[in-house]
>>> print(open('structure.txt').read())   # compact mmCIF, C-alpha atoms and all ligand atoms
# COMPACT_ATOMS: atom_id res chain seq x y z
CA MET A 1 -16.27 -18.28 -12.83
CA SER A 2 -14.01 -20.33 -10.63
CA ASP A 3 -15.42 -21.49 -7.28
CA LYS A 4 -12.00 -21.29 -5.66
CA LYS A 5 -11.43 -18.82 -2.85
CA LYS A 6 -9.48 -15.70 -3.78
CA LEU A 7 -6.04 -15.01 -2.40
CA GLU A 8 -3.66 -12.08 -2.83
CA LEU A 9 0.09 -12.46 -2.39
CA TYR A 10 2.30 -9.77 -0.92
CA ILE A 11 6.03 -10.37 -1.36
CA HIS A 12 8.36 -8.25 0.77
CA ILE A 13 11.81 -7.18 -0.41
CA PRO A 14 13.37 -5.44 2.61
CA PHE A 15 16.33 -3.76 0.93
CA CYS A 16 16.99 -0.11 0.10
CA GLU A 17 20.05 1.76 -0.99
CA ARG A 18 19.80 3.84 2.17
CA LYS A 19 17.11 4.76 4.65
CA CYS A 20 14.88 7.79 3.91
CA ALA A 21 14.52 10.20 6.84
CA TYR A 22 10.79 9.53 7.35
CA CYS A 23 10.77 5.77 6.79
CA ASP A 24 9.58 3.25 9.35
CA PHE A 25 9.10 0.39 6.88
CA LEU A 26 11.02 -2.81 7.39
CA SER A 27 13.92 -2.00 5.07
CA MET A 28 17.69 -1.74 5.21
CA PRO A 29 20.77 -1.57 3.01
CA ALA A 30 22.36 -4.96 2.26
CA THR A 31 25.20 -6.41 0.22
CA LEU A 32 24.48 -8.36 -2.93
CA GLY A 33 25.45 -11.54 -1.07
CA VAL A 34 22.80 -10.94 1.61
CA GLN A 35 20.23 -10.10 -1.05
CA ARG A 36 20.97 -13.38 -2.81
CA GLN A 37 20.71 -15.38 0.40
CA TYR A 38 17.40 -13.70 1.23
CA VAL A 39 15.94 -14.38 -2.20
CA GLU A 40 16.91 -18.06 -1.95
CA LYS A 41 15.10 -18.36 1.39
CA LEU A 42 12.16 -16.40 0.08
CA ILE A 43 11.77 -18.87 -2.76
CA ASP A 44 11.89 -21.72 -0.22
CA GLU A 45 9.18 -19.94 1.74
CA ILE A 46 7.04 -19.53 -1.38
CA ILE A 47 7.32 -23.24 -2.10
CA GLY A 48 6.57 -24.16 1.52
CA GLU A 49 3.58 -21.81 1.86
CA SER A 50 1.97 -22.81 -1.40
CA ALA A 51 1.07 -26.25 -0.01
CA GLY A 52 -1.32 -24.71 2.55
CA VAL A 53 -3.41 -22.75 0.06
CA ARG A 54 -4.07 -25.26 -2.72
CA ASP A 55 -7.79 -24.50 -2.68
CA TYR A 56 -7.21 -20.79 -3.34
CA GLU A 57 -6.56 -18.98 -6.58
CA VAL A 58 -4.23 -16.01 -6.60
CA THR A 59 -5.84 -12.91 -8.09
CA SER A 60 -2.97 -10.49 -7.50
CA ILE A 61 0.68 -10.37 -6.53
CA PHE A 62 2.29 -7.25 -5.11
CA MET A 63 6.05 -7.14 -4.71
CA GLY A 64 6.80 -4.27 -2.36
CA GLY A 65 9.44 -3.10 0.03
CA GLY A 66 11.85 -1.71 0.62
CA THR A 67 12.92 -1.28 -2.93
CA PRO A 68 12.31 -4.45 -4.98
CA SER A 69 13.99 -2.80 -7.97
CA ILE A 70 17.29 -2.75 -6.08
CA LEU A 71 17.57 -6.51 -6.70
CA PRO A 72 19.22 -7.84 -9.86
CA GLY A 73 16.50 -8.58 -12.42
CA GLU A 74 17.15 -12.34 -12.30
CA TYR A 75 16.38 -12.44 -8.58
CA VAL A 76 12.99 -10.81 -9.09
CA LEU A 77 12.31 -13.14 -11.99
CA GLY A 78 13.23 -16.17 -9.86
CA VAL A 79 10.81 -15.11 -7.12
CA LEU A 80 7.96 -14.44 -9.54
CA GLN A 81 8.53 -17.69 -11.39
CA ALA A 82 8.45 -19.60 -8.11
CA ALA A 83 5.15 -17.89 -7.22
CA GLY A 84 3.77 -18.76 -10.67
CA ASP A 85 4.96 -22.36 -10.49
CA TYR A 86 3.74 -23.17 -6.99
CA PHE A 87 0.56 -21.09 -6.48
CA ASN A 88 -2.60 -21.23 -8.59
CA VAL A 89 -2.08 -17.81 -10.12
CA ARG A 90 -4.95 -16.71 -12.33
CA LYS A 91 -4.00 -15.85 -15.90
CA ASP A 92 -5.44 -12.37 -15.54
CA ALA A 93 -3.83 -11.71 -12.14
CA GLU A 94 -2.60 -8.18 -11.50
CA ILE A 95 1.13 -8.36 -10.79
CA THR A 96 2.73 -5.20 -9.44
CA ILE A 97 6.31 -4.35 -8.58
CA GLU A 98 7.46 -1.25 -6.70
CA ILE A 99 10.32 0.64 -8.27
CA ASN A 100 12.37 3.51 -6.96
CA PRO A 101 13.89 5.92 -9.47
CA GLY A 102 17.64 5.56 -9.74
CA THR A 103 17.58 1.76 -9.37
CA LEU A 104 16.24 0.72 -12.76
CA ASP A 105 17.65 -0.45 -16.07
CA GLU A 106 16.28 -2.03 -19.22
CA HIS A 107 17.42 -5.51 -18.33
CA LYS A 108 15.50 -5.39 -15.05
CA LEU A 109 12.37 -4.29 -16.90
CA LYS A 110 12.78 -7.20 -19.29
CA CYS A 111 12.98 -9.60 -16.35
CA TYR A 112 9.84 -8.09 -14.81
CA ARG A 113 7.96 -8.58 -18.03
CA GLU A 114 9.17 -12.15 -18.29
CA GLY A 115 8.02 -12.72 -14.71
CA GLY A 116 4.49 -11.58 -15.63
CA VAL A 117 4.57 -8.09 -14.11
CA ASN A 118 1.79 -5.99 -15.64
CA ARG A 119 1.70 -3.05 -13.26
CA ILE A 120 4.53 -0.78 -12.12
CA SER A 121 4.43 1.40 -9.04
CA LEU A 122 6.98 4.21 -9.04
CA GLY A 123 7.93 5.99 -5.82
CA LEU A 124 8.35 9.66 -6.63
CA GLN A 125 6.92 11.48 -3.56
CA SER A 126 7.74 14.98 -4.86
CA ALA A 127 8.76 16.63 -8.14
CA ASP A 128 10.83 19.20 -6.22
CA ASP A 129 14.50 18.22 -5.84
CA TRP A 130 14.94 20.22 -2.66
CA GLU A 131 11.98 18.43 -1.04
CA LEU A 132 13.37 15.10 -2.20
CA ARG A 133 16.68 15.93 -0.52
CA VAL A 134 14.96 16.87 2.71
CA LEU A 135 13.16 13.50 2.63
CA GLY A 136 16.51 11.75 2.14
CA ARG A 137 15.40 10.17 -1.14
CA ILE A 138 18.17 8.81 -3.35
CA HIS A 139 16.84 10.31 -6.59
CA THR A 140 15.99 13.57 -8.32
CA TYR A 141 12.91 14.41 -10.36
CA ASP A 142 14.95 13.86 -13.55
CA ASP A 143 15.85 10.36 -12.35
CA PHE A 144 12.14 9.70 -11.96
CA LEU A 145 11.40 11.01 -15.46
CA LYS A 146 14.05 8.72 -16.87
CA SER A 147 12.61 5.71 -15.05
CA TYR A 148 9.08 6.63 -16.10
CA GLN A 149 10.18 6.82 -19.72
CA GLN A 150 12.03 3.49 -19.47
CA VAL A 151 8.92 1.86 -18.03
CA ARG A 152 6.73 3.21 -20.85
CA LEU A 153 9.27 2.28 -23.54
CA ALA A 154 9.34 -1.24 -22.13
CA GLY A 155 5.60 -1.37 -22.87
CA PHE A 156 4.10 -1.23 -19.38
CA ALA A 157 0.62 0.22 -19.76
CA ASN A 158 -0.43 0.33 -16.12
CA VAL A 159 1.69 2.64 -13.96
CA ASN A 160 1.16 4.11 -10.51
CA VAL A 161 3.05 7.08 -9.12
CA ASP A 162 3.34 7.52 -5.35
CA LEU A 163 3.24 11.08 -4.05
CA MET A 164 3.43 12.60 -0.61
CA SER A 165 2.14 15.93 0.68
CA ALA A 166 2.63 17.87 3.92
CA LEU A 167 6.41 17.61 3.56
CA PRO A 168 8.83 19.81 5.53
CA GLY A 169 9.17 23.16 3.78
CA GLN A 170 6.49 22.28 1.22
CA THR A 171 4.11 25.07 0.18
CA LEU A 172 0.70 24.76 -1.42
CA ASN A 173 2.29 26.11 -4.56
CA SER A 174 5.07 23.52 -4.71
CA TRP A 175 2.55 20.71 -4.09
CA GLU A 176 0.41 22.01 -6.95
CA LYS A 177 3.50 22.01 -9.17
CA THR A 178 4.25 18.40 -8.25
CA LEU A 179 0.68 17.40 -9.06
CA LYS A 180 0.70 19.32 -12.34
CA LYS A 181 3.93 17.70 -13.50
CA VAL A 182 2.73 14.20 -12.67
CA LEU A 183 -0.73 14.69 -14.15
CA MET A 184 0.85 15.78 -17.41
CA LEU A 185 2.46 12.35 -17.67
CA ARG A 186 -0.97 10.67 -17.48
CA PRO A 187 -0.09 7.67 -15.29
CA GLU A 188 -3.00 5.24 -14.85
CA HIS A 189 -2.98 5.60 -11.07
CA ILE A 190 -1.75 8.07 -8.45
CA SER A 191 -1.46 7.48 -4.70
CA ALA A 192 -1.22 10.69 -2.71
CA TYR A 193 -0.65 10.26 1.01
CA SER A 194 0.18 12.87 3.65
CA LEU A 195 3.49 12.50 5.42
CA ILE A 196 3.13 10.92 8.84
CA ILE A 197 5.92 11.47 11.35
CA GLU A 198 6.60 7.97 12.67
CA GLU A 199 8.41 7.18 15.90
CA GLY A 200 11.92 5.82 15.56
CA THR A 201 12.72 7.81 12.40
CA PRO A 202 15.13 10.78 12.03
CA PHE A 203 12.05 12.90 11.23
CA TYR A 204 10.56 11.96 14.58
CA GLU A 205 13.67 13.26 16.32
CA ARG A 206 13.36 16.48 14.36
CA TYR A 207 9.60 17.03 14.27
CA GLY A 208 8.00 14.64 16.75
CA LYS A 209 8.67 16.75 19.82
CA GLY A 210 6.76 19.81 18.68
CA GLU A 211 9.83 22.08 18.71
CA LYS A 212 10.37 24.69 16.00
CA THR A 213 12.64 23.21 13.35
CA PHE A 214 13.73 24.21 9.87
CA PRO A 215 12.29 23.48 7.37
CA PRO A 216 8.95 23.58 9.17
CA LEU A 217 6.05 21.24 8.49
CA PRO A 218 3.05 22.90 6.80
CA ASP A 219 0.39 23.97 9.31
CA GLU A 220 -2.90 22.13 9.57
CA ASP A 221 -4.83 24.54 7.35
CA THR A 222 -2.25 24.30 4.57
CA GLU A 223 -2.25 20.53 4.89
CA ARG A 224 -6.01 20.44 4.50
CA GLU A 225 -5.85 22.77 1.53
CA MET A 226 -3.28 20.49 -0.10
CA TYR A 227 -5.67 17.63 0.38
CA HIS A 228 -8.54 19.48 -1.26
CA VAL A 229 -6.43 20.82 -4.10
CA THR A 230 -5.34 17.22 -4.77
CA ARG A 231 -8.89 16.07 -5.25
CA THR A 232 -9.86 19.00 -7.46
CA MET A 233 -6.79 18.78 -9.69
CA MET A 234 -7.11 15.02 -10.04
CA GLU A 235 -10.80 15.18 -10.90
CA ASP A 236 -10.25 17.99 -13.37
CA SER A 237 -7.73 15.73 -15.10
CA GLY A 238 -10.08 12.74 -15.31
CA TYR A 239 -8.92 10.78 -12.26
CA HIS A 240 -11.48 9.58 -9.77
CA ARG A 241 -10.86 9.12 -6.10
CA TYR A 242 -11.85 5.59 -5.13
CA GLU A 243 -10.17 5.55 -1.73
CA ILE A 244 -9.16 8.28 0.72
CA SER A 245 -5.67 8.64 -0.80
CA ASN A 246 -5.92 6.79 -4.12
CA TYR A 247 -6.93 8.03 -7.55
CA SER A 248 -7.12 6.32 -10.90
CA ARG A 249 -8.27 6.70 -14.44
CA PRO A 250 -11.63 4.91 -14.88
CA GLY A 251 -11.35 1.13 -14.47
CA LEU A 252 -7.68 1.24 -13.48
CA GLU A 253 -7.97 1.05 -9.70
CA CYS A 254 -5.32 -1.06 -7.98
CA ARG A 255 -7.01 -4.47 -7.78
CA HIS A 256 -4.62 -5.69 -5.12
CA ASN A 257 -5.45 -2.84 -2.74
CA LEU A 258 -9.16 -3.03 -3.55
CA GLY A 259 -9.04 -6.71 -2.58
CA TYR A 260 -7.38 -5.83 0.70
CA TRP A 261 -9.93 -3.13 1.52
CA THR A 262 -12.84 -5.43 0.71
CA GLY A 263 -11.62 -8.33 2.83
CA VAL A 264 -10.01 -10.72 0.33
CA ASP A 265 -7.55 -13.09 2.08
CA TYR A 266 -3.89 -12.15 1.65
CA LEU A 267 -0.73 -14.08 2.29
CA GLY A 268 2.46 -12.19 3.10
CA LEU A 269 5.74 -13.75 2.03
CA GLY A 270 9.13 -12.58 3.21
CA LEU A 271 10.54 -10.66 6.13
CA GLY A 272 7.93 -9.19 8.49
CA ALA A 273 5.11 -9.64 5.96
CA SER A 274 1.53 -9.60 7.30
CA SER A 275 -1.18 -12.09 6.36
CA CYS A 276 -4.85 -12.68 6.89
CA VAL A 277 -5.90 -16.13 5.70
CA SER A 278 -8.87 -18.32 6.66
CA GLY A 279 -9.78 -16.13 9.62
CA PHE A 280 -6.24 -15.93 11.05
CA ARG A 281 -4.07 -12.86 11.10
CA PHE A 282 -0.33 -13.35 11.52
CA LYS A 283 3.07 -11.87 10.71
CA LYS A 284 6.34 -13.33 9.57
CA GLU A 285 9.66 -13.18 11.41
CA SER A 286 11.02 -9.64 11.13
CA ASN A 287 14.69 -10.10 12.00
CA LEU A 288 16.69 -10.74 8.85
CA ARG A 289 19.34 -12.96 10.42
CA THR A 290 16.72 -15.06 12.25
CA TYR A 291 14.63 -15.29 9.08
CA ILE A 292 17.58 -16.71 7.17
CA GLU A 293 18.53 -19.11 10.01
CA LYS A 294 14.98 -20.43 10.32
CA ALA A 295 14.81 -21.22 6.63
CA GLY A 296 17.05 -24.24 7.08
CA GLN A 297 14.96 -25.79 9.86
CA GLU A 298 12.55 -28.65 9.67
CA ASP A 299 9.39 -26.75 10.59
CA PHE A 300 10.03 -24.00 8.02
CA PRO A 301 8.01 -21.94 6.99
CA ALA A 302 5.63 -22.42 9.98
CA ASN A 303 8.50 -21.39 12.30
CA LEU A 304 8.37 -17.87 10.80
CA TYR A 305 4.85 -17.17 12.09
CA ARG A 306 4.47 -14.46 14.73
CA GLU A 307 1.55 -12.72 16.48
CA ILE A 308 -1.02 -15.29 15.36
CA HIS A 309 -4.51 -14.02 16.08
CA LYS A 310 -7.77 -15.79 15.32
CA LEU A 311 -10.32 -13.23 14.20
CA ASP A 312 -13.68 -13.42 15.92
CA GLN A 313 -16.93 -12.01 14.58
CA LYS A 314 -16.32 -8.68 16.33
CA ASP A 315 -12.84 -8.28 14.76
CA ARG A 316 -14.23 -9.07 11.34
CA MET A 317 -17.11 -6.60 11.65
CA GLU A 318 -14.76 -3.84 12.78
CA GLU A 319 -12.38 -4.56 9.94
CA PHE A 320 -15.22 -4.60 7.44
CA MET A 321 -16.17 -1.08 8.53
CA PHE A 322 -12.64 0.35 8.89
CA LEU A 323 -11.46 -0.87 5.52
CA GLY A 324 -14.72 -0.50 3.60
CA LEU A 325 -15.30 3.07 4.70
CA ARG A 326 -11.94 4.07 3.23
CA LEU A 327 -13.47 3.45 -0.19
CA THR A 328 -15.54 6.17 -1.80
CA GLU A 329 -18.25 3.59 -2.53
CA GLY A 330 -18.44 2.90 1.20
CA VAL A 331 -19.90 -0.20 2.82
CA SER A 332 -23.10 -2.03 2.04
CA GLY A 333 -25.61 -3.12 4.67
CA ALA A 334 -26.64 -6.00 2.38
CA GLU A 335 -23.08 -7.29 2.28
CA PHE A 336 -22.77 -6.91 6.04
CA LEU A 337 -25.87 -9.07 6.49
CA ASP A 338 -24.55 -11.58 4.00
CA ARG A 339 -21.18 -11.90 5.74
CA PHE A 340 -22.19 -11.74 9.37
CA GLY A 341 -25.83 -12.78 9.43
CA GLN A 342 -26.68 -9.57 11.30
CA ASN A 343 -28.29 -6.31 10.34
CA MET A 344 -25.64 -3.55 10.13
CA TRP A 345 -28.10 -1.10 11.70
CA ASN A 346 -28.61 -3.35 14.72
CA VAL A 347 -24.85 -3.38 15.33
CA TYR A 348 -23.82 0.13 14.26
CA GLY A 349 -27.12 2.04 13.93
CA SER A 350 -26.46 4.55 16.71
CA VAL A 351 -22.90 5.31 15.52
CA ILE A 352 -24.06 5.74 11.93
CA GLU A 353 -26.87 8.05 13.02
CA ASP A 354 -24.56 10.11 15.19
CA MET A 355 -21.93 10.43 12.43
CA GLU A 356 -24.64 11.29 9.91
CA LYS A 357 -25.84 14.12 12.17
CA LYS A 358 -22.26 15.42 12.32
CA GLU A 359 -22.17 15.26 8.51
CA LEU A 360 -19.31 12.81 8.59
CA LEU A 361 -21.27 9.92 7.07
CA ARG A 362 -23.90 9.81 4.36
CA VAL A 363 -26.49 7.03 4.08
CA GLU A 364 -28.02 5.93 0.79
CA HIS A 365 -29.64 2.63 1.70
CA PRO A 366 -28.16 0.07 1.77
CA ARG A 367 -24.80 1.89 1.50
CA VAL A 368 -22.98 4.11 3.97
CA PHE A 369 -20.14 6.44 2.90
CA LEU A 370 -17.79 8.97 4.40
CA THR A 371 -18.66 12.52 3.41
CA GLU A 372 -15.92 14.87 2.21
CA ARG A 373 -15.63 16.11 5.82
CA GLY A 374 -15.65 12.51 7.03
CA MET A 375 -12.69 11.74 4.75
CA ASP A 376 -10.81 14.66 6.34
CA LEU A 377 -11.55 13.26 9.78
CA SER A 378 -11.50 9.58 8.90
CA ASN A 379 -9.46 8.48 11.94
CA TYR A 380 -11.98 10.10 14.25
CA VAL A 381 -14.89 8.45 12.41
CA MET A 382 -13.25 4.99 12.34
CA SER A 383 -12.50 5.09 16.06
CA HIS A 384 -16.27 5.00 16.71
CA PHE A 385 -16.65 1.68 14.91
CA LEU A 386 -14.71 -0.26 17.54
CA LEU A 387 -17.05 -2.68 19.30
CA ASP A 388 -16.86 -3.25 23.08
S1 LIG A 401 12.73 3.89 -0.41
FE1 LIG A 401 10.82 3.49 0.70
S2 LIG A 401 11.21 1.69 1.96
FE2 LIG A 401 13.20 2.47 1.24
S3 LIG A 401 13.92 3.75 2.89
FE3 LIG A 401 12.86 5.09 1.45
S4 LIG A 401 10.71 5.15 2.18
FE4 LIG A 401 11.73 3.44 3.19
>>> encode(input="structure.txt", output="structure tokens")
Amino acid sequence: MSDKKKLELYIHIPFCERKCAYCDFLSMPATLGVQRQYVEKLIDEIIGESAGVRDYEVTSIFMGGGTPSILPGEYVLGVLQAAGDYFNVRKDAEITIEINPGTLDEHKLKCYREGGVNRISLGLQSADDWELRVLGRIHTYDDFLKSYQQVRLAGFANVNVDLMSALPGQTLNSWEKTLKKVLMLRPEHISAYSLIIEEGTPFYERYGKGEKTFPPLPDEDTEREMYHVTRTMMEDSGYHRYEISNYSRPGLECRHNLGYWTGVDYLGLGLGASSCVSGFRFKKESNLRTYIEKAGQEDFPANLYREIHKLDQKDRMEEFMFLGLRLTEGVSGAEFLDRFGQNMWNVYGSVIEDMEKKELLRVEHPRVFLTERGMDLSNYVMSHFLLD
């Protein structure tokens, strides 16, 4: 085993064909010329950043967005080759790219393979075309099926499908149909999140003010039922839940996300990307024009850093609990002691006891987990782990 510290890379591609109605991610449409310029600067950033993390080894790379698959295949290949050439990427690193149906072709898949991609994440959200239209997605379910088939034919053996419940107009029945269709395809991994109405999106204008609007959002009880049906259907099909919203076939959890939830350092590359490295949290410049301008300057890439925050012991303990409790295996008191030199029960004993009484947490020494009810109310539970 290598004694190098572990590092995960997140590479942000901020381009999409058009904006979905619920999306608050940093993404926008752009011409091919702008995409090319961005990719050139991104490669410069990769080269510049690699110098600061020589004593780390990269265990995973996640290229997300936006829609990375909107880029010509050669651009993606160039970025991945730069990452491979300049960082110490482990041979067995998990390398994921996000793909949106309707943006893929065989040549792109060939480039991904050449760039070392070994995991594909496909954004489907729903198998119902009407729901997809309401969301403002650019694709139909058939487009997804075509992409899924292309990915399999290209030999990719580790595929995630992203789904979303609690959509406007969605019924329990239509959600079950979506799950059934996707489970029949047997992807290795499924992420199933509930729609969140984010400020600044068209959906917020429509639904964020509590007025009656068509199509309506499912009520709270239906939403909860969707959540429970998800777990049952997944488990009946051989998928295990390892995080609140993530399911996989045994041994095929997303290593990149697991690393993030268990506190592995991560370096974000590209527009607006977040990082947490060597006890510092920071973000990159999030304005595209400024990002491109800064790339030519002498202090690049340090001039991209924003919101730099040095984590203290309290921040790190809170994060350990917030992230670790998302996992079905929970957090370990032994690991807490190992990391922070303090007994977890001395710091959080009264909160854990209180949450255990409310049947939101379960304790099996030395581990603490969310119960099924705790998973339903995870935000409420987590809010009690903030330290004064
Ligand atoms: S494809 Fe994803 S990133 Fe792009 S607009 Fe839609 S939700 Fe946002």
>>> residues_near_ligand(input="structure.txt", ligand="ligand LIG 401 (chain A)", cutoff="6 Å", atoms="only C-alpha atoms and all ligand atoms", output="list in words")
Cys16, Arg18, Lys19, Cys20, Cys23, Phe25, Ser27, Gly65, Gly66 and Thr67 of chain A
>>> atom_distance(input="structure.txt", atom1="atom CA of A:Gly48", atom2="atom CA of A:Tyr86")
9.0 Å
>>> atom_distance(input="structure.txt", atom1="atom CA of A:Ser378", atom2="atom CA of A:Asp221")
16.5 Å
>>> residues_around(input="structure.txt", residues="A:Ser274", least_positions_apart="2", cutoff="6 Å", atoms="all atoms listed in the file", output="list in words")
Gly268, Phe282 and Lys283 of chain A
>>> write_last_selection(input="structure.txt", atoms="C-alpha atoms", output="PDB file, in the frame of the given file")
ATOM      1  CA  GLY A 268       2.460 -12.190   3.100  1.00  0.00           C
ATOM      2  CA  PHE A 282      -0.330 -13.350  11.520  1.00  0.00           C
ATOM      3  CA  LYS A 283       3.070 -11.870  10.710  1.00  0.00           C
TER       4      LYS A 283
END
>>> closest_residue(input="structure.txt", among="A:Lys314, A:Lys180, A:Lys110, A:Arg326", to="A:Asn246", atoms="all atoms listed in the file")
A:Arg326
>>> residues_near_point(input="structure.txt", point="(13.4, -4.6, -8.3)", cutoff="8 Å", atoms="all atoms listed in the file", output="list of chain:residue names")
A:Thr67, A:Pro68, A:Ser69, A:Ile70, A:Leu71, A:Pro72, A:Gly73, A:Val76, A:Ile97, A:Glu98, A:Ile99, A:Thr103, A:Leu104, A:Lys108
>>> decode(input="structure.txt", residues="stretch 113-130 of chain A", atoms="N, CA and C atoms", output="CSV table (one decimal), in the first residue's frame")
chain,number,residue,atom,x,y,z
A,113,ARG,N,-13.0,6.2,-23.4
A,113,ARG,CA,-12.2,5.0,-23.1
A,113,ARG,C,-10.7,5.2,-23.2
A,114,GLU,N,-10.4,5.9,-24.2
A,114,GLU,CA,-8.9,6.2,-24.4
A,114,GLU,C,-8.4,7.1,-23.3
A,115,GLY,N,-9.3,8.0,-22.7
A,115,GLY,CA,-8.9,8.8,-21.6
A,115,GLY,C,-8.9,8.1,-20.3
A,116,GLY,N,-9.3,6.8,-20.3
A,116,GLY,CA,-9.3,6.1,-19.0
A,116,GLY,C,-10.6,6.0,-18.3
A,117,VAL,N,-11.6,6.6,-18.9
A,117,VAL,CA,-12.9,6.5,-18.2
A,117,VAL,C,-13.4,5.1,-18.0
A,118,ASN,N,-13.8,4.7,-16.7
A,118,ASN,CA,-14.2,3.4,-16.5
A,118,ASN,C,-15.6,3.4,-15.8
A,119,ARG,N,-16.2,4.5,-15.7
A,119,ARG,CA,-17.5,4.6,-15.1
A,119,ARG,C,-18.3,5.7,-15.8
A,120,ILE,N,-19.6,5.4,-16.1
A,120,ILE,CA,-20.4,6.4,-16.8
A,120,ILE,C,-21.6,6.7,-15.9
A,121,SER,N,-21.9,8.0,-15.8
A,121,SER,CA,-23.1,8.4,-15.1
A,121,SER,C,-24.1,9.1,-16.0
A,122,LEU,N,-25.2,8.4,-16.2
A,122,LEU,CA,-26.2,8.9,-17.2
A,122,LEU,C,-27.3,9.7,-16.5
A,123,GLY,N,-27.6,10.9,-16.9
A,123,GLY,CA,-28.7,11.6,-16.3
A,123,GLY,C,-30.0,11.4,-17.0
A,124,LEU,N,-30.8,10.6,-16.3
A,124,LEU,CA,-32.2,10.3,-16.9
A,124,LEU,C,-33.2,11.1,-16.2
A,125,GLN,N,-33.3,11.0,-14.9
A,125,GLN,CA,-34.3,11.7,-14.0
A,125,GLN,C,-35.7,11.0,-14.0
A,126,SER,N,-36.3,10.8,-15.2
A,126,SER,CA,-37.6,10.1,-15.3
A,126,SER,C,-37.7,9.4,-16.6
A,127,ALA,N,-38.5,8.3,-16.5
A,127,ALA,CA,-38.7,7.5,-17.7
A,127,ALA,C,-40.0,7.9,-18.4
A,128,ASP,N,-40.6,9.0,-17.9
A,128,ASP,CA,-41.9,9.5,-18.4
A,128,ASP,C,-41.6,10.7,-19.3
A,129,ASP,N,-41.9,10.7,-20.6
A,129,ASP,CA,-41.6,11.8,-21.4
A,129,ASP,C,-42.3,13.1,-21.0
A,130,TRP,N,-43.5,13.0,-20.5
A,130,TRP,CA,-44.2,14.2,-20.1
A,130,TRP,C,-43.5,14.8,-18.9
